[in-house]
Each structure stands twice: as structure tokens, then as C-alpha cells.
Amino acid sequence: MSDVPAPSRTSVVFRLGDRAPEVAELKHRLVALDQLPAADLGDPEAYDDALERAVRAFQQRRGLNADGVVGRSTFRALEEAHWRLGDRVLVHLPGTVQTGDDVIALQRQLLELGFKTGRVDGRFGSVTERAVREFQHNIGVPADGTCGPATLKALTRLAPRVSGGRPNALRAEERIRTAGPRLSGKVVVIDPSAGETADGRSAQDRERRAQAHEASSDLARRVEGRLLATGVQAFLSVPHAGVEEDEGVRAAFANRADAHLCVSLLVDPAAEPADRGVSTYFFGMEAHGLRSWVGERFAGLVQREIVARTALPDLRTHARSWDLLRQTKMPTVCVEVGYDAASVASGRDEHLRDTVAEAVVIAVQRLYLDPDSDHHTGVLRIADLRALRHASPDGG
């Protein structure tokens with residue numbers, strides 16, 4: 001295990017131009033991870049250009065926002081990245097979840113051996129613990145769900161005999177197929193988002209975030225109403241105006257609802273020029289080649305439907321490891337819509353949100369349609385969904 005100290009757990013944010021002892025820890029951690037050449041260390045406590053480039057590259061590979069700013073998410077990702085399988089005993093305790101690259105390695109090996117670990121996400125939760133117990137039972141060691149020396153030895157012995165594949169993707173395809181085309185009875189959680197927190201930011205930034213929260217909540221209600229009209233059980237993750245929870249709490253809400261899908265919506269009516277358009281995100285981490293197969297497909301459907309129905313620029317789909325995407329058990333997408341409110345004529349703002357809401361609902365339906373009977377992007381309307389339900393083989 002690396003003897004480089006982990007960056008201090010702190011709510012302080014570090015960016016280009018800052019100086020602090022934690023910056024020296026950050027540099028040494030990136031050097032240990034081969035993300036920063038030792039020759040570029042420079043002044044240990046100075047957040048310089050070389051460090052910012054290294055941070056951006058690290059963030060990109062870990063599925064974070066590659067903004068070069070180090071906050072809680074980046075510190076946590078740095079801590080997770082230094083763990084290797086065998087560095088520590090892995091155990092699931094109620095109320096705590098061990099995370100790290102060692103967990104990803106464990107999940108992958110178990111998955112390749114045929115044990116269901118759920119999504120490979122680097123979180124040692126109850127599903128991974130159950131897979132460890134089943135593996136232990138099969139190899140004749142105490143089935144306590146703890147990944148210690150005996151279990152690791154058996155994994156090492158068996159690893160060369162297995163080959164890679166896409167068992168989780170195949171299971172996901174089968175779940176979508178067996179769920180059938182009907183929307184009636186399906187559960188979808190709609191998550192209105194306000195974007196990044198505004199702690200320590202200007203009053204202007206906080207005002208913009210408040211506008212985004214109001215607009216996102218309005219769009220979420222429009223999506224909810226349209227889904228309910230199709231027979232979907234739709235729930236808002238933030239049921240009361242002004243109530244805001246972090247991503248982990250919102251993910252837990254979706255998991256408790258046992259939802260089939262979760263859609264997070266962010267509307268920024270005062271977006272900067274570079275942020276104007278629509279982008280959609282699904283769970284993925286480039287550093288490990290991790291992607292949610294259904295999440296990626298669903299994100300693509302949402303993205304194409306919105307772009308086809310509006311004049312919003314296409315900012316494409318992207319893989320991210322944000323907490324909401326990573327911690328939800330069901331396929332989850334985050335949709336971000338940004339435009340300049342001053343350029344939207346009176347009444348056009350509401351029309352745009354109605355159009356986006358319809359696009360999201362149509363994308364939900366298209367996810368469950370047989371590809372052979374699917375329709376072209378931008379063609380279906382909510383009024384068409386009833387006819388589709390009656391025409392479906394299982395009766396709708």
C-alpha cells in the first residue's frame with residue numbers, strides 16, 4: 001500500500017493560484033498515481049499550472065467535472081484511486097460503504113466468475129457482500145462476506161482461468177426486454193437539481209442557482225404530470241419547494257422507491273454562452289472502462305429527442321461518476337438544459353419546458369420499445385403512446 005498520505009478531508013476548495021499544505025499532499029498523491037511527473041512538482045504548496053493540468057486529466061479519467069478545481073469529490077476520488085486489491089480487508093457494515101479501486105477489481109473478478117455483484121461501481125455494498133458470500137461458499141471457506149486473505153488467495157488462484165465479457169450488460173438487456181413496452185406500472189423518479197452548491201460563491205452565482213432550482217423544479221413537475229398520464233408511477237425526489245438534499249440522499253430516495261429509472265433535470269435559464277444547449281450524462285468512469293449500458297442508451301435517447309424537438313445546441317452525452325449516477329441501483333441519467341432567458345421571447349420559456357418534458361417522456365417509452373417497432377427520433381407525441389400501448393403484444 002502506498003505510504004503517501006491521503007489529502008486532508010476538508011470542505012475547503014483549492015484552485016489555481018492557491019497556496020496551502022494540502023496542496024503539497026495533493027501533488028504527492030498525483031505523483032504516486034503517475035498523474036503528475038515528479039519533475040513538475042515545483043513549489044510544493046503552490047497550486048500551479050502543472051498541477052491544474054494534472055488535476056483536470058485525473059478528473060476526466062475518473063468521471064468528474066474536469067474543471068481543475070479540487071473539492072470534496074476530487075479528494076475522495078484521489079483516496080479511492082490509491083487502493084489496490086489486497087491492501088485492506090473489505091467488509092460491508094450497515095451505514096458505511098467502503099469505496100475504492102480495490103472494490104472495482106473485486107467486483108470485476110467475481111462478475112467474471114459468474115457471481116452477481118450488481119453494477120461495477122467501486123462500492124462494497126450489500127449486493128457485493130452477497131456475491132462474496134456465494135463465492136466463499138463455493139470454494140469452501142467461511143462464508144462471512146468479508147474479503148480477507150483466504151478469499152483473496154482463492155481469487156488470485158482462479159483469476160487466470162476466467163475471461164472477460166459483458167455479463168452485466170447482457171443482464172441489463174434482458175431486464176429491459178422482459179419489462180415489456182408498457183409504461184403502466186413502471187416507476188420513475190424525477191429529480192429536480194440546482195447544480196453545484198454555491199458555498200463561498202458570489203451573490204450573483206447564488207441568485208443564478210436559485211433561478212436554476214426554480215426552473216428545474218418546474219420542468220420536473222411537467223415531466224411528472226406527463227408520466228402520470230401514461231400510467232407511470234412518478235415521484236419527485238424533492239417533494240417540497242425549497243427542500244434540497246445532497247446527491248446521496250436523493251439516490252437513496254430513488255433506491256427506496258425501487259424505481260425502474262431515475263431522471264435528474266437541471267435547467268439554467270441564465271447559462272453562459274459555453275453552457276447553452278442540452279447535454280445528458282450517465283454513469284461511467286474512463287479510468288476503468290466502466291459504463292452503464294442502459295444508462296448510456298437512455299441518455300442517448302433523451303439527448304436526441306430534445307435536440308430534434310428544440311433549437312438547443314447538441315452538447316452530446318457524457319459518462320460521469322457523480323454520486324446520483326453511481327449510487328442509484330436503476331439506470332439514471334442527468335439532463336442539463338442551458339439557455340439565455342433574455343433571448344427567449346415572452347411565453348417561449350414555458351413552451352421550451354413543455355417540449356423538453358415531452359421529449360423526456362417519449363425517451364422513457366422508446367427505451368422499452370422493441371427496436372424493430374421503434375419510431376424515428378422526434379416523431380412520437382405523448383398522444384401516440386395510448387395507441388402504442390393498445391397495439392403492444394402484452395395488451396398495454
# chains A, B, ... in the order shown; residues from 1 in each chain; ligands from 1
$ residues_around --residues "Trp293 of chain A" --least-positions-apart "5" --cutoff "12 Å" --atoms "only C-alpha atoms" --output "list in words"
Arg119, Val120, Arg166, Pro167, Asn168, Ala169, Leu170, Arg171, Ala172, Glu173, Glu174, Arg175, Ile176, Phe282, Phe283, Gly284, Phe298, Ala299, Gly300, Ala319, Met330, Pro331, Thr332, Val333 and Leu367 of chain A
$ select_by_dssp --residues "segment 84-158 of chain A" --states "strand (DSSP E or B)" --output "list in words"
Leu90, Leu93, Thr96, Gln98, Thr99, Arg123, Phe124 and Cys147 of chain A
$ residues_around --residues "Phe124 of chain A" --least-positions-apart "3" --cutoff "10 Å" --atoms "only C-alpha atoms" --output "list in words"
Leu90, Val91, His92, Leu93, Thr96, Val97, Gln98, Thr99, Gly100, Asp102, Val103, Ile104, Leu106, Gln107, Thr117, Val120, Asp121, Val127, Thr128 and Glu129 of chain A
$ closest_residue --among "A:Leu352, A:Ile190, A:Ala215, A:Leu110" --to "Arg130 of chain A" --atoms "only C-alpha atoms"
A:Leu110
$ select_by_dssp --residues "segment 29-58 of chain A" --states "helix (DSSP H, G or I)" --output "PDB file with all heavy atoms, in the first residue's frame"
ATOM      1  N   ARG A  29       0.210  12.857  -4.022  1.00  0.00           N
ATOM      2  CA  ARG A  29      -0.736  11.798  -4.369  1.00  0.00           C
ATOM      3  C   ARG A  29      -0.805  11.622  -5.892  1.00  0.00           C
ATOM      4  O   ARG A  29      -0.818  10.490  -6.403  1.00  0.00           O
ATOM      5  CB  ARG A  29      -2.109  12.115  -3.787  1.00  0.00           C
ATOM      6  CG  ARG A  29      -3.206  11.115  -4.126  1.00  0.00           C
ATOM      7  CD  ARG A  29      -2.811   9.674  -3.859  1.00  0.00           C
ATOM      8  NE  ARG A  29      -2.386   9.452  -2.510  1.00  0.00           N
ATOM      9  CZ  ARG A  29      -3.182   9.164  -1.501  1.00  0.00           C
ATOM     10  NH1 ARG A  29      -4.480   9.089  -1.706  1.00  0.00           N
ATOM     11  NH2 ARG A  29      -2.711   8.949  -0.303  1.00  0.00           N
ATOM     12  N   LEU A  30      -0.828  12.699  -6.644  1.00  0.00           N
ATOM     13  CA  LEU A  30      -0.894  12.617  -8.101  1.00  0.00           C
ATOM     14  C   LEU A  30       0.401  12.042  -8.685  1.00  0.00           C
ATOM     15  O   LEU A  30       0.372  11.316  -9.682  1.00  0.00           O
ATOM     16  CB  LEU A  30      -1.190  13.993  -8.700  1.00  0.00           C
ATOM     17  CG  LEU A  30      -2.638  14.478  -8.491  1.00  0.00           C
ATOM     18  CD1 LEU A  30      -2.768  15.951  -8.846  1.00  0.00           C
ATOM     19  CD2 LEU A  30      -3.604  13.658  -9.334  1.00  0.00           C
ATOM     20  N   VAL A  31       1.537  12.332  -8.055  1.00  0.00           N
ATOM     21  CA  VAL A  31       2.801  11.733  -8.488  1.00  0.00           C
ATOM     22  C   VAL A  31       2.743  10.220  -8.270  1.00  0.00           C
ATOM     23  O   VAL A  31       3.134   9.424  -9.138  1.00  0.00           O
ATOM     24  CB  VAL A  31       4.001  12.350  -7.736  1.00  0.00           C
ATOM     25  CG1 VAL A  31       5.266  11.525  -7.974  1.00  0.00           C
ATOM     26  CG2 VAL A  31       4.231  13.783  -8.190  1.00  0.00           C
ATOM     27  N   ALA A  32       2.245   9.794  -7.100  1.00  0.00           N
ATOM     28  CA  ALA A  32       2.156   8.362  -6.789  1.00  0.00           C
ATOM     29  C   ALA A  32       1.226   7.631  -7.744  1.00  0.00           C
ATOM     30  O   ALA A  32       1.415   6.443  -8.019  1.00  0.00           O
ATOM     31  CB  ALA A  32       1.679   8.174  -5.348  1.00  0.00           C
ATOM     32  N   ALA A  38       7.204  13.814 -11.489  1.00  0.00           N
ATOM     33  CA  ALA A  38       7.917  14.327 -10.322  1.00  0.00           C
ATOM     34  C   ALA A  38       8.685  15.591 -10.668  1.00  0.00           C
ATOM     35  O   ALA A  38       8.866  16.479  -9.811  1.00  0.00           O
ATOM     36  CB  ALA A  38       8.870  13.259  -9.781  1.00  0.00           C
ATOM     37  N   ALA A  39       9.098  15.719 -11.922  1.00  0.00           N
ATOM     38  CA  ALA A  39       9.844  16.903 -12.345  1.00  0.00           C
ATOM     39  C   ALA A  39       8.985  18.159 -12.326  1.00  0.00           C
ATOM     40  O   ALA A  39       9.506  19.275 -12.348  1.00  0.00           O
ATOM     41  CB  ALA A  39      10.412  16.683 -13.747  1.00  0.00           C
ATOM     42  N   ASP A  40       7.661  17.998 -12.275  1.00  0.00           N
ATOM     43  CA  ASP A  40       6.757  19.147 -12.306  1.00  0.00           C
ATOM     44  C   ASP A  40       6.248  19.540 -10.924  1.00  0.00           C
ATOM     45  O   ASP A  40       5.298  20.327 -10.813  1.00  0.00           O
ATOM     46  CB  ASP A  40       5.541  18.839 -13.193  1.00  0.00           C
ATOM     47  CG  ASP A  40       5.915  18.743 -14.662  1.00  0.00           C
ATOM     48  OD1 ASP A  40       7.014  19.210 -15.024  1.00  0.00           O
ATOM     49  OD2 ASP A  40       5.102  18.206 -15.445  1.00  0.00           O
ATOM     50  N   ASP A  49       0.234  25.820 -12.680  1.00  0.00           N
ATOM     51  CA  ASP A  49      -0.335  25.359 -13.949  1.00  0.00           C
ATOM     52  C   ASP A  49      -0.168  23.848 -14.141  1.00  0.00           C
ATOM     53  O   ASP A  49      -1.075  23.169 -14.640  1.00  0.00           O
ATOM     54  CB  ASP A  49       0.319  26.097 -15.124  1.00  0.00           C
ATOM     55  CG  ASP A  49      -0.070  27.567 -15.171  1.00  0.00           C
ATOM     56  OD1 ASP A  49      -1.161  27.904 -14.682  1.00  0.00           O
ATOM     57  OD2 ASP A  49       0.716  28.379 -15.706  1.00  0.00           O
ATOM     58  N   ALA A  50       1.004  23.318 -13.782  1.00  0.00           N
ATOM     59  CA  ALA A  50       1.253  21.886 -13.967  1.00  0.00           C
ATOM     60  C   ALA A  50       0.287  21.053 -13.125  1.00  0.00           C
ATOM     61  O   ALA A  50      -0.232  20.028 -13.580  1.00  0.00           O
ATOM     62  CB  ALA A  50       2.699  21.547 -13.590  1.00  0.00           C
ATOM     63  N   LEU A  51       0.027  21.500 -11.895  1.00  0.00           N
ATOM     64  CA  LEU A  51      -0.908  20.782 -11.038  1.00  0.00           C
ATOM     65  C   LEU A  51      -2.322  20.863 -11.601  1.00  0.00           C
ATOM     66  O   LEU A  51      -3.049  19.865 -11.607  1.00  0.00           O
ATOM     67  CB  LEU A  51      -0.870  21.357  -9.621  1.00  0.00           C
ATOM     68  CG  LEU A  51      -1.860  20.743  -8.627  1.00  0.00           C
ATOM     69  CD1 LEU A  51      -1.660  19.231  -8.513  1.00  0.00           C
ATOM     70  CD2 LEU A  51      -1.721  21.393  -7.254  1.00  0.00           C
ATOM     71  N   GLU A  52      -2.707  22.033 -12.092  1.00  0.00           N
ATOM     72  CA  GLU A  52      -4.056  22.160 -12.644  1.00  0.00           C
ATOM     73  C   GLU A  52      -4.254  21.218 -13.831  1.00  0.00           C
ATOM     74  O   GLU A  52      -5.296  20.566 -13.960  1.00  0.00           O
ATOM     75  CB  GLU A  52      -4.341  23.595 -13.073  1.00  0.00           C
ATOM     76  CG  GLU A  52      -5.799  23.772 -13.507  1.00  0.00           C
ATOM     77  CD  GLU A  52      -6.075  25.122 -14.146  1.00  0.00           C
ATOM     78  OE1 GLU A  52      -5.245  25.568 -14.960  1.00  0.00           O
ATOM     79  OE2 GLU A  52      -7.127  25.710 -13.852  1.00  0.00           O
ATOM     80  N   ARG A  53      -3.249  21.118 -14.705  1.00  0.00           N
ATOM     81  CA  ARG A  53      -3.363  20.204 -15.844  1.00  0.00           C
ATOM     82  C   ARG A  53      -3.502  18.758 -15.371  1.00  0.00           C
ATOM     83  O   ARG A  53      -4.299  17.987 -15.905  1.00  0.00           O
ATOM     84  CB  ARG A  53      -2.138  20.350 -16.755  1.00  0.00           C
ATOM     85  CG  ARG A  53      -2.095  21.636 -17.564  1.00  0.00           C
ATOM     86  CD  ARG A  53      -1.050  21.551 -18.655  1.00  0.00           C
ATOM     87  NE  ARG A  53       0.290  21.337 -18.125  1.00  0.00           N
ATOM     88  CZ  ARG A  53       1.122  22.318 -17.772  1.00  0.00           C
ATOM     89  NH1 ARG A  53       0.729  23.585 -17.894  1.00  0.00           N
ATOM     90  NH2 ARG A  53       2.327  22.054 -17.320  1.00  0.00           N
ATOM     91  N   ALA A  54      -2.713  18.385 -14.365  1.00  0.00           N
ATOM     92  CA  ALA A  54      -2.774  17.023 -13.839  1.00  0.00           C
ATOM     93  C   ALA A  54      -4.136  16.740 -13.201  1.00  0.00           C
ATOM     94  O   ALA A  54      -4.696  15.648 -13.358  1.00  0.00           O
ATOM     95  CB  ALA A  54      -1.658  16.800 -12.827  1.00  0.00           C
ATOM     96  N   VAL A  55      -4.668  17.726 -12.471  1.00  0.00           N
ATOM     97  CA  VAL A  55      -5.969  17.562 -11.823  1.00  0.00           C
ATOM     98  C   VAL A  55      -7.059  17.387 -12.881  1.00  0.00           C
ATOM     99  O   VAL A  55      -7.932  16.516 -12.767  1.00  0.00           O
ATOM    100  CB  VAL A  55      -6.282  18.757 -10.909  1.00  0.00           C
ATOM    101  CG1 VAL A  55      -7.755  18.739 -10.478  1.00  0.00           C
ATOM    102  CG2 VAL A  55      -5.385  18.723  -9.675  1.00  0.00           C
ATOM    103  N   ARG A  56      -7.016  18.209 -13.929  1.00  0.00           N
ATOM    104  CA  ARG A  56      -8.025  18.097 -14.994  1.00  0.00           C
ATOM    105  C   ARG A  56      -7.985  16.707 -15.641  1.00  0.00           C
ATOM    106  O   ARG A  56      -9.023  16.097 -15.896  1.00  0.00           O
ATOM    107  CB  ARG A  56      -7.805  19.173 -16.051  1.00  0.00           C
ATOM    108  CG  ARG A  56      -8.214  20.579 -15.627  1.00  0.00           C
ATOM    109  CD  ARG A  56      -7.967  21.575 -16.753  1.00  0.00           C
ATOM    110  NE  ARG A  56      -8.283  22.931 -16.354  1.00  0.00           N
ATOM    111  CZ  ARG A  56      -9.486  23.491 -16.442  1.00  0.00           C
ATOM    112  NH1 ARG A  56     -10.500  22.778 -16.930  1.00  0.00           N
ATOM    113  NH2 ARG A  56      -9.692  24.736 -16.060  1.00  0.00           N
ATOM    114  N   ALA A  57      -6.786  16.212 -15.912  1.00  0.00           N
ATOM    115  CA  ALA A  57      -6.650  14.896 -16.532  1.00  0.00           C
ATOM    116  C   ALA A  57      -7.183  13.809 -15.604  1.00  0.00           C
ATOM    117  O   ALA A  57      -7.875  12.878 -16.051  1.00  0.00           O
ATOM    118  CB  ALA A  57      -5.191  14.635 -16.890  1.00  0.00           C
ATOM    119  N   PHE A  58      -6.860  13.924 -14.310  1.00  0.00           N
ATOM    120  CA  PHE A  58      -7.348  12.943 -13.331  1.00  0.00           C
ATOM    121  C   PHE A  58      -8.871  12.985 -13.252  1.00  0.00           C
ATOM    122  O   PHE A  58      -9.534  11.936 -13.254  1.00  0.00           O
ATOM    123  CB  PHE A  58      -6.736  13.240 -11.965  1.00  0.00           C
ATOM    124  CG  PHE A  58      -7.265  12.376 -10.855  1.00  0.00           C
ATOM    125  CD1 PHE A  58      -6.816  11.073 -10.693  1.00  0.00           C
ATOM    126  CD2 PHE A  58      -8.218  12.864  -9.972  1.00  0.00           C
ATOM    127  CE1 PHE A  58      -7.314  10.259  -9.679  1.00  0.00           C
ATOM    128  CE2 PHE A  58      -8.719  12.071  -8.955  1.00  0.00           C
ATOM    129  CZ  PHE A  58      -8.257  10.759  -8.809  1.00  0.00           C
TER     130      PHE A  58
END
$ closest_residue --among "A:Ala357, A:Ala342, A:Cys147, A:Ala179" --to "Phe135 of chain A" --atoms "only C-alpha atoms"
A:Cys147
$ closest_residue --among "A:Asp67, A:Glu350, A:Asp87, A:Glu79" --to "Glu25 of chain A" --atoms "only C-alpha atoms"
A:Glu79
$ closest_residue --among "A:Leu228, A:Leu265, A:Ala359, A:Ala341" --to "Asp191 of chain A" --atoms "only C-alpha atoms"
A:Leu265
$ closest_residue --among "A:Gln233, A:Ala194, A:Ala271, A:Met285" --to "Glu247 of chain A" --atoms "only C-alpha atoms"
A:Ala194
